[in-house]
Amino acid sequence: MMVQKESRMSDQNAAFLARLTSNCIELSAACSIAKDFAGMIMQRDPERFDGWCQQVNAANVPELVAFANSLDRDRHAVIAGITLPWSNGQTEGHVNRLKSIKRQMYGCAGFVMLRKHMLVPP
């Protein structure tokens with residue numbers, strides 16, 4: 001809800017978010033920072049990254065500062081992720097699906113059992 005465009009948000013959700021952010025300065029800052037981050041990613045504008053990091057540090061929300069510092073440590077990968085057209089999202093989706101299936105088997109899924117489950121649908 002924090003990164004959703006206001007034009008796409010229901011009136012009830014918009015009012016709820018406005019109440020939340022008006023009562024908590026940190027949440028208001030986090031909402032603004034999250035929207036700026038989403039905009040930077042969606043518009044593929046790596047020039048905004050340094051300004052966004054400065055905005056996070058000025059807001060002084062510890063969780064966001066830690067997130068921004070971890071992104072800044074891997075700056076080249078973040079810039080490449082913003083600018084390059086390639087994504088490993090599809091691969092990550094398959095890995096996530098396999099891990100979910102393995103968890104459903106309560107840890108009993110060795111490679112052989114997992115392979116049988118994946119090759120022969122139930």
# chains A, B, ... in the order shown; residues from 1 in each chain; ligands from 1
$ residues_around --residues "A:Ile82" --least-positions-apart "3" --cutoff "6 Å" --atoms "only C-alpha atoms" --output "count of residues only"
3
$ select_by_dssp --residues "chain A" --states "helix (DSSP H, G or I)" --output "JSON, numbers by chain"
{"A": [6, 7, 8, 11, 12, 13, 14, 15, 16, 17, 18, 19, 20, 21, 22, 23, 25, 26, 27, 28, 29, 30, 31, 32, 33, 34, 35, 36, 37, 38, 39, 40, 41, 42, 46, 47, 48, 49, 50, 51, 52, 53, 54, 55, 56, 57, 58, 59, 62, 63, 64, 65, 66, 67, 68, 69, 70, 71, 72, 73, 75, 76, 77, 78, 79, 80, 81, 82, 83, 89, 90, 91, 92, 93, 94, 95, 96, 97, 98, 99, 100, 101, 102, 103, 104, 111, 112, 113, 114, 115, 116, 117, 118, 119]}
$ atom_distance --atom1 "atom CA of A:Asp45" --atom2 "atom CA of A:Ser87"
16.3 Å
$ atom_distance --atom1 "atom CA of A:Met9" --atom2 "atom CA of A:Glu26"
21.6 Å
